[in-house]
Amino acid sequence: MGGKVGEKVSRGQASRKGRDAPPAPFEPMRIAKAMAHAGLCSRRDAEAWIESGRVAVNGEVLKTPACVVTAADTITVDEQPLPQAQAPRLWRYHKPKGLVTSHKDPEGCPTVFANLPDGLPRVVSVGRLDINTEGLLLLTTDGALARHLELPSTGWLRRYRVRAHGRVSQDALDRLKTGVTIEGVRYGPVEARIEREQGSNVWLVLGLREGKNREVKRIAEHLGLTVNRLIRVSFGPFALGELAPGGVDEVKRKVLVEQLGTKLGRELGLKS
């Protein structure tokens, strides 16, 4: 998630009110967190940008992300002032099949961010969906919020509809409730049920909380199934619903605060 190293921050991204806009007040925090709150990138990407010499504090180029900043500091990224932190915003997006969850793909594949509707600010994704997976992808202006939502410790269930070639019993699916180890990789508990059979295919509904790379497909292969369609239908309390492919819908701030909790919402600058 977030922009890759080598990607320049445009003047429009760097400041909405101009070079001399006063910094928004914030509590002392590490520089990577401040950059994430400003909506430029995730903390992980911020650390990479710092290591590549793109970030300066009070005119001095940083060499390490181990730097605490306050509103009194002058922070620049690619020689442009850090944007004033805005309250995080979150959207539901129906990702179509065939798009890469990246700002730029080295192999030239079409990307999610190049195909978003006009009018959205710069956003990062909450986790990723691979090129052949469709369905719900959450997008946010705040890298810190994205990081929080994608952590397994957040405890939010990701639910998928899976069409796979082959047959499987409900008993085999029930055994996934305690987790499973596949080729040395431990996967946590999975909720799984058969939705219906269709010719030589079976439709399953799977719920998991970790979201490891290719987790659904690896579990299906472990069961002797070959996935030929994968749709994420919900992420925690947010559902795909009737959102059309390629469509976006912003989550109301009040709803976001209710789901995050008052304490975290306050830390992120949200008000109910």
# chains A, B, ... in the order shown; residues from 1 in each chain; ligands from 1

call {"tool": "closest_atom_pairs", "arguments": {"of": "region 105-147 of chain A", "to": "region 215-229 of chain A", "cutoff": "10 Å", "atoms": "only C-alpha atoms", "output": "tab-separated table"}}
result
residue	atom	partner	partner_atom	distance
A:Asn132	CA	A:Arg229	CA	7.8
A:Thr133	CA	A:Arg229	CA	7.2
A:Glu134	CA	A:Arg229	CA	8.3

call {"tool": "write_last_selection", "arguments": {"atoms": "C-alpha atoms", "output": "short mmCIF file (atom, residue, chain, number, x, y, z; two decimals), in the first residue's frame"}}
result
data_model
loop_
_atom_site.label_atom_id
_atom_site.label_comp_id
_atom_site.auth_asym_id
_atom_site.auth_seq_id
_atom_site.Cartn_x
_atom_site.Cartn_y
_atom_site.Cartn_z
CA ASN A 132 -7.91 -11.94 -10.01
CA THR A 133 -9.83 -11.19 -6.80
CA GLU A 134 -12.83 -8.91 -6.95
#

call {"tool": "select_by_dssp", "arguments": {"residues": "region 57-255 of chain A", "states": "alpha helix (DSSP H)", "output": "VMD selection string"}}
result
chain A and resid 143 to 150 170 to 174 215 to 222 253 to 255

call {"tool": "write_last_selection", "arguments": {"atoms": "N, CA, C and O atoms", "output": "JSON list (two decimals), in the first residue's frame"}}
result
[["chain", "number", "residue", "atom", "x", "y", "z"],
["A", 143, "GLY", "N", -2.88, 6.85, 6.21],
["A", 143, "GLY", "CA", -2.06, 5.65, 6.26],
["A", 143, "GLY", "C", -2.10, 4.97, 7.61],
["A", 143, "GLY", "O", -2.04, 3.73, 7.70],
["A", 144, "ALA", "N", -2.20, 5.75, 8.69],
["A", 144, "ALA", "CA", -2.25, 5.16, 10.03],
["A", 144, "ALA", "C", -3.54, 4.37, 10.22],
["A", 144, "ALA", "O", -3.55, 3.29, 10.82],
["A", 145, "LEU", "N", -4.63, 4.91, 9.71],
["A", 145, "LEU", "CA", -5.91, 4.19, 9.80],
["A", 145, "LEU", "C", -5.85, 2.90, 8.99],
["A", 145, "LEU", "O", -6.31, 1.85, 9.44],
["A", 146, "ALA", "N", -5.26, 2.97, 7.80],
["A", 146, "ALA", "CA", -5.14, 1.77, 6.97],
["A", 146, "ALA", "C", -4.36, 0.68, 7.69],
["A", 146, "ALA", "O", -4.76, -0.49, 7.71],
["A", 147, "ARG", "N", -3.25, 1.07, 8.31],
["A", 147, "ARG", "CA", -2.43, 0.10, 9.02],
["A", 147, "ARG", "C", -3.19, -0.54, 10.17],
["A", 147, "ARG", "O", -3.13, -1.76, 10.39],
["A", 148, "HIS", "N", -3.96, 0.27, 10.90],
["A", 148, "HIS", "CA", -4.72, -0.26, 12.02],
["A", 148, "HIS", "C", -5.76, -1.27, 11.55],
["A", 148, "HIS", "O", -5.91, -2.35, 12.13],
["A", 149, "LEU", "N", -6.48, -0.93, 10.48],
["A", 149, "LEU", "CA", -7.57, -1.79, 10.03],
["A", 149, "LEU", "C", -7.08, -3.12, 9.46],
["A", 149, "LEU", "O", -7.78, -4.13, 9.54],
["A", 150, "GLU", "N", -5.88, -3.13, 8.86],
["A", 150, "GLU", "CA", -5.41, -4.36, 8.23],
["A", 150, "GLU", "C", -4.69, -5.30, 9.18],
["A", 150, "GLU", "O", -4.41, -6.45, 8.82],
["A", 170, "GLN", "N", -18.89, -30.71, 4.29],
["A", 170, "GLN", "CA", -18.99, -29.73, 5.36],
["A", 170, "GLN", "C", -18.12, -30.14, 6.55],
["A", 170, "GLN", "O", -17.56, -29.29, 7.25],
["A", 171, "ASP", "N", -17.97, -31.45, 6.76],
["A", 171, "ASP", "CA", -17.11, -31.91, 7.85],
["A", 171, "ASP", "C", -15.67, -31.43, 7.65],
["A", 171, "ASP", "O", -15.00, -31.01, 8.60],
["A", 172, "ALA", "N", -15.18, -31.49, 6.40],
["A", 172, "ALA", "CA", -13.82, -31.03, 6.11],
["A", 172, "ALA", "C", -13.70, -29.53, 6.35],
["A", 172, "ALA", "O", -12.68, -29.04, 6.87],
["A", 173, "LEU", "N", -14.75, -28.81, 6.02],
["A", 173, "LEU", "CA", -14.74, -27.36, 6.23],
["A", 173, "LEU", "C", -14.78, -27.04, 7.73],
["A", 173, "LEU", "O", -14.13, -26.11, 8.20],
["A", 174, "ASP", "N", -15.54, -27.81, 8.48],
["A", 174, "ASP", "CA", -15.65, -27.58, 9.93],
["A", 174, "ASP", "C", -14.31, -27.75, 10.63],
["A", 174, "ASP", "O", -14.05, -27.11, 11.66],
["A", 215, "GLU", "N", -4.18, -16.71, 1.05],
["A", 215, "GLU", "CA", -4.68, -17.62, 2.09],
["A", 215, "GLU", "C", -5.87, -18.45, 1.62],
["A", 215, "GLU", "O", -5.90, -19.67, 1.80],
["A", 216, "VAL", "N", -6.86, -17.79, 1.01],
["A", 216, "VAL", "CA", -8.05, -18.52, 0.58],
["A", 216, "VAL", "C", -7.69, -19.59, -0.45],
["A", 216, "VAL", "O", -8.15, -20.74, -0.37],
["A", 217, "LYS", "N", -6.87, -19.23, -1.42],
["A", 217, "LYS", "CA", -6.53, -20.18, -2.48],
["A", 217, "LYS", "C", -5.69, -21.34, -1.95],
["A", 217, "LYS", "O", -5.87, -22.49, -2.37],
["A", 218, "ARG", "N", -4.81, -21.07, -1.00],
["A", 218, "ARG", "CA", -3.99, -22.15, -0.43],
["A", 218, "ARG", "C", -4.85, -23.12, 0.39],
["A", 218, "ARG", "O", -4.65, -24.34, 0.35],
["A", 219, "ILE", "N", -5.80, -22.57, 1.13],
["A", 219, "ILE", "CA", -6.69, -23.42, 1.91],
["A", 219, "ILE", "C", -7.56, -24.27, 0.98],
["A", 219, "ILE", "O", -7.78, -25.47, 1.22],
["A", 220, "ALA", "N", -8.05, -23.65, -0.09],
["A", 220, "ALA", "CA", -8.86, -24.40, -1.06],
["A", 220, "ALA", "C", -8.06, -25.53, -1.68],
["A", 220, "ALA", "O", -8.54, -26.67, -1.82],
["A", 221, "GLU", "N", -6.82, -25.24, -2.07],
["A", 221, "GLU", "CA", -5.96, -26.28, -2.65],
["A", 221, "GLU", "C", -5.72, -27.40, -1.66],
["A", 221, "GLU", "O", -5.67, -28.58, -2.02],
["A", 222, "HIS", "N", -5.57, -27.05, -0.39],
["A", 222, "HIS", "CA", -5.39, -28.04, 0.67],
["A", 222, "HIS", "C", -6.59, -28.99, 0.75],
["A", 222, "HIS", "O", -6.44, -30.18, 1.10],
["A", 253, "ARG", "N", -18.69, 9.69, 8.57],
["A", 253, "ARG", "CA", -17.77, 9.84, 9.69],
["A", 253, "ARG", "C", -18.36, 9.28, 10.98],
["A", 253, "ARG", "O", -17.65, 8.62, 11.76],
["A", 254, "LYS", "N", -19.64, 9.51, 11.22],
["A", 254, "LYS", "CA", -20.26, 9.01, 12.44],
["A", 254, "LYS", "C", -20.17, 7.50, 12.51],
["A", 254, "LYS", "O", -19.89, 6.92, 13.56],
["A", 255, "VAL", "N", -20.42, 6.84, 11.37],
["A", 255, "VAL", "CA", -20.34, 5.38, 11.32],
["A", 255, "VAL", "C", -18.91, 4.91, 11.58],
["A", 255, "VAL", "O", -18.68, 3.94, 12.30]]

call {"tool": "residues_around", "arguments": {"residues": "Arg89 (chain A)", "least_positions_apart": "5", "cutoff": "12 Å", "atoms": "only C-alpha atoms", "output": "ChimeraX atom specification"}}
result
/A:37-39,120-125,138-146,249-257,265,268-271

call {"tool": "residues_around", "arguments": {"residues": "Gly236 (chain A)", "least_positions_apart": "5", "cutoff": "12 Å", "atoms": "only C-alpha atoms", "output": "ChimeraX atom specification"}}
result
/A:92,126,136-138,149-152,154-160,207-210,256,259-260

call {"tool": "closest_residue", "arguments": {"among": "A:Gln80, A:Ser52, A:Thr64, A:Asn58", "to": "Leu40 (chain A)", "atoms": "only C-alpha atoms"}}
result
A:Gln80

call {"tool": "decode", "arguments": {"residues": "region 33-48 of chain A", "atoms": "N, CA, C and O atoms", "output": "PDB file, in the first residue's frame"}}
result
ATOM      1  N   LYS A  33       4.653   8.532  11.491  1.00  0.00           N
ATOM      2  CA  LYS A  33       3.252   8.632  11.889  1.00  0.00           C
ATOM      3  C   LYS A  33       2.666   9.953  11.428  1.00  0.00           C
ATOM      4  O   LYS A  33       1.520  10.011  10.958  1.00  0.00           O
ATOM      5  N   ALA A  34       3.442  11.044  11.533  1.00  0.00           N
ATOM      6  CA  ALA A  34       2.969  12.350  11.079  1.00  0.00           C
ATOM      7  C   ALA A  34       2.696  12.339   9.577  1.00  0.00           C
ATOM      8  O   ALA A  34       1.706  12.901   9.102  1.00  0.00           O
ATOM      9  N   MET A  35       3.563  11.677   8.820  1.00  0.00           N
ATOM     10  CA  MET A  35       3.364  11.587   7.372  1.00  0.00           C
ATOM     11  C   MET A  35       2.122  10.765   7.038  1.00  0.00           C
ATOM     12  O   MET A  35       1.371  11.087   6.120  1.00  0.00           O
ATOM     13  N   ALA A  36       1.908   9.694   7.794  1.00  0.00           N
ATOM     14  CA  ALA A  36       0.718   8.870   7.564  1.00  0.00           C
ATOM     15  C   ALA A  36      -0.547   9.657   7.883  1.00  0.00           C
ATOM     16  O   ALA A  36      -1.532   9.603   7.144  1.00  0.00           O
ATOM     17  N   HIS A  37      -0.535  10.406   8.985  1.00  0.00           N
ATOM     18  CA  HIS A  37      -1.699  11.207   9.355  1.00  0.00           C
ATOM     19  C   HIS A  37      -1.987  12.283   8.317  1.00  0.00           C
ATOM     20  O   HIS A  37      -3.136  12.692   8.148  1.00  0.00           O
ATOM     21  N   ALA A  38      -0.938  12.746   7.637  1.00  0.00           N
ATOM     22  CA  ALA A  38      -1.132  13.767   6.609  1.00  0.00           C
ATOM     23  C   ALA A  38      -1.698  13.175   5.322  1.00  0.00           C
ATOM     24  O   ALA A  38      -2.034  13.907   4.398  1.00  0.00           O
ATOM     25  N   GLY A  39      -1.789  11.842   5.256  1.00  0.00           N
ATOM     26  CA  GLY A  39      -2.392  11.192   4.103  1.00  0.00           C
ATOM     27  C   GLY A  39      -1.451  10.961   2.939  1.00  0.00           C
ATOM     28  O   GLY A  39      -1.894  10.614   1.842  1.00  0.00           O
ATOM     29  N   LEU A  40      -0.142  11.118   3.160  1.00  0.00           N
ATOM     30  CA  LEU A  40       0.798  10.928   2.058  1.00  0.00           C
ATOM     31  C   LEU A  40       1.042   9.456   1.745  1.00  0.00           C
ATOM     32  O   LEU A  40       1.196   9.076   0.587  1.00  0.00           O
ATOM     33  N   CYS A  41       1.104   8.636   2.787  1.00  0.00           N
ATOM     34  CA  CYS A  41       1.523   7.245   2.602  1.00  0.00           C
ATOM     35  C   CYS A  41       1.326   6.496   3.904  1.00  0.00           C
ATOM     36  O   CYS A  41       0.919   7.074   4.905  1.00  0.00           O
ATOM     37  N   SER A  42       1.645   5.221   3.893  1.00  0.00           N
ATOM     38  CA  SER A  42       1.628   4.425   5.121  1.00  0.00           C
ATOM     39  C   SER A  42       2.909   4.698   5.913  1.00  0.00           C
ATOM     40  O   SER A  42       3.867   5.273   5.396  1.00  0.00           O
ATOM     41  N   ARG A  43       2.943   4.274   7.160  1.00  0.00           N
ATOM     42  CA  ARG A  43       4.164   4.437   7.955  1.00  0.00           C
ATOM     43  C   ARG A  43       5.321   3.673   7.331  1.00  0.00           C
ATOM     44  O   ARG A  43       6.458   4.150   7.332  1.00  0.00           O
ATOM     45  N   ARG A  44       5.038   2.495   6.824  1.00  0.00           N
ATOM     46  CA  ARG A  44       6.089   1.688   6.211  1.00  0.00           C
ATOM     47  C   ARG A  44       6.702   2.417   5.010  1.00  0.00           C
ATOM     48  O   ARG A  44       7.913   2.480   4.849  1.00  0.00           O
ATOM     49  N   ASP A  45       5.836   2.982   4.176  1.00  0.00           N
ATOM     50  CA  ASP A  45       6.337   3.722   3.017  1.00  0.00           C
ATOM     51  C   ASP A  45       7.077   4.985   3.463  1.00  0.00           C
ATOM     52  O   ASP A  45       8.081   5.370   2.862  1.00  0.00           O
ATOM     53  N   ALA A  46       6.565   5.623   4.531  1.00  0.00           N
ATOM     54  CA  ALA A  46       7.228   6.827   5.034  1.00  0.00           C
ATOM     55  C   ALA A  46       8.663   6.515   5.446  1.00  0.00           C
ATOM     56  O   ALA A  46       9.591   7.290   5.168  1.00  0.00           O
ATOM     57  N   GLU A  47       8.859   5.382   6.104  1.00  0.00           N
ATOM     58  CA  GLU A  47      10.205   5.003   6.521  1.00  0.00           C
ATOM     59  C   GLU A  47      11.122   4.794   5.322  1.00  0.00           C
ATOM     60  O   GLU A  47      12.295   5.179   5.341  1.00  0.00           O
ATOM     61  N   ALA A  48      10.566   4.204   4.254  1.00  0.00           N
ATOM     62  CA  ALA A  48      11.357   4.009   3.034  1.00  0.00           C
ATOM     63  C   ALA A  48      11.689   5.347   2.381  1.00  0.00           C
ATOM     64  O   ALA A  48      12.812   5.555   1.885  1.00  0.00           O
TER      65      ALA A  48
END
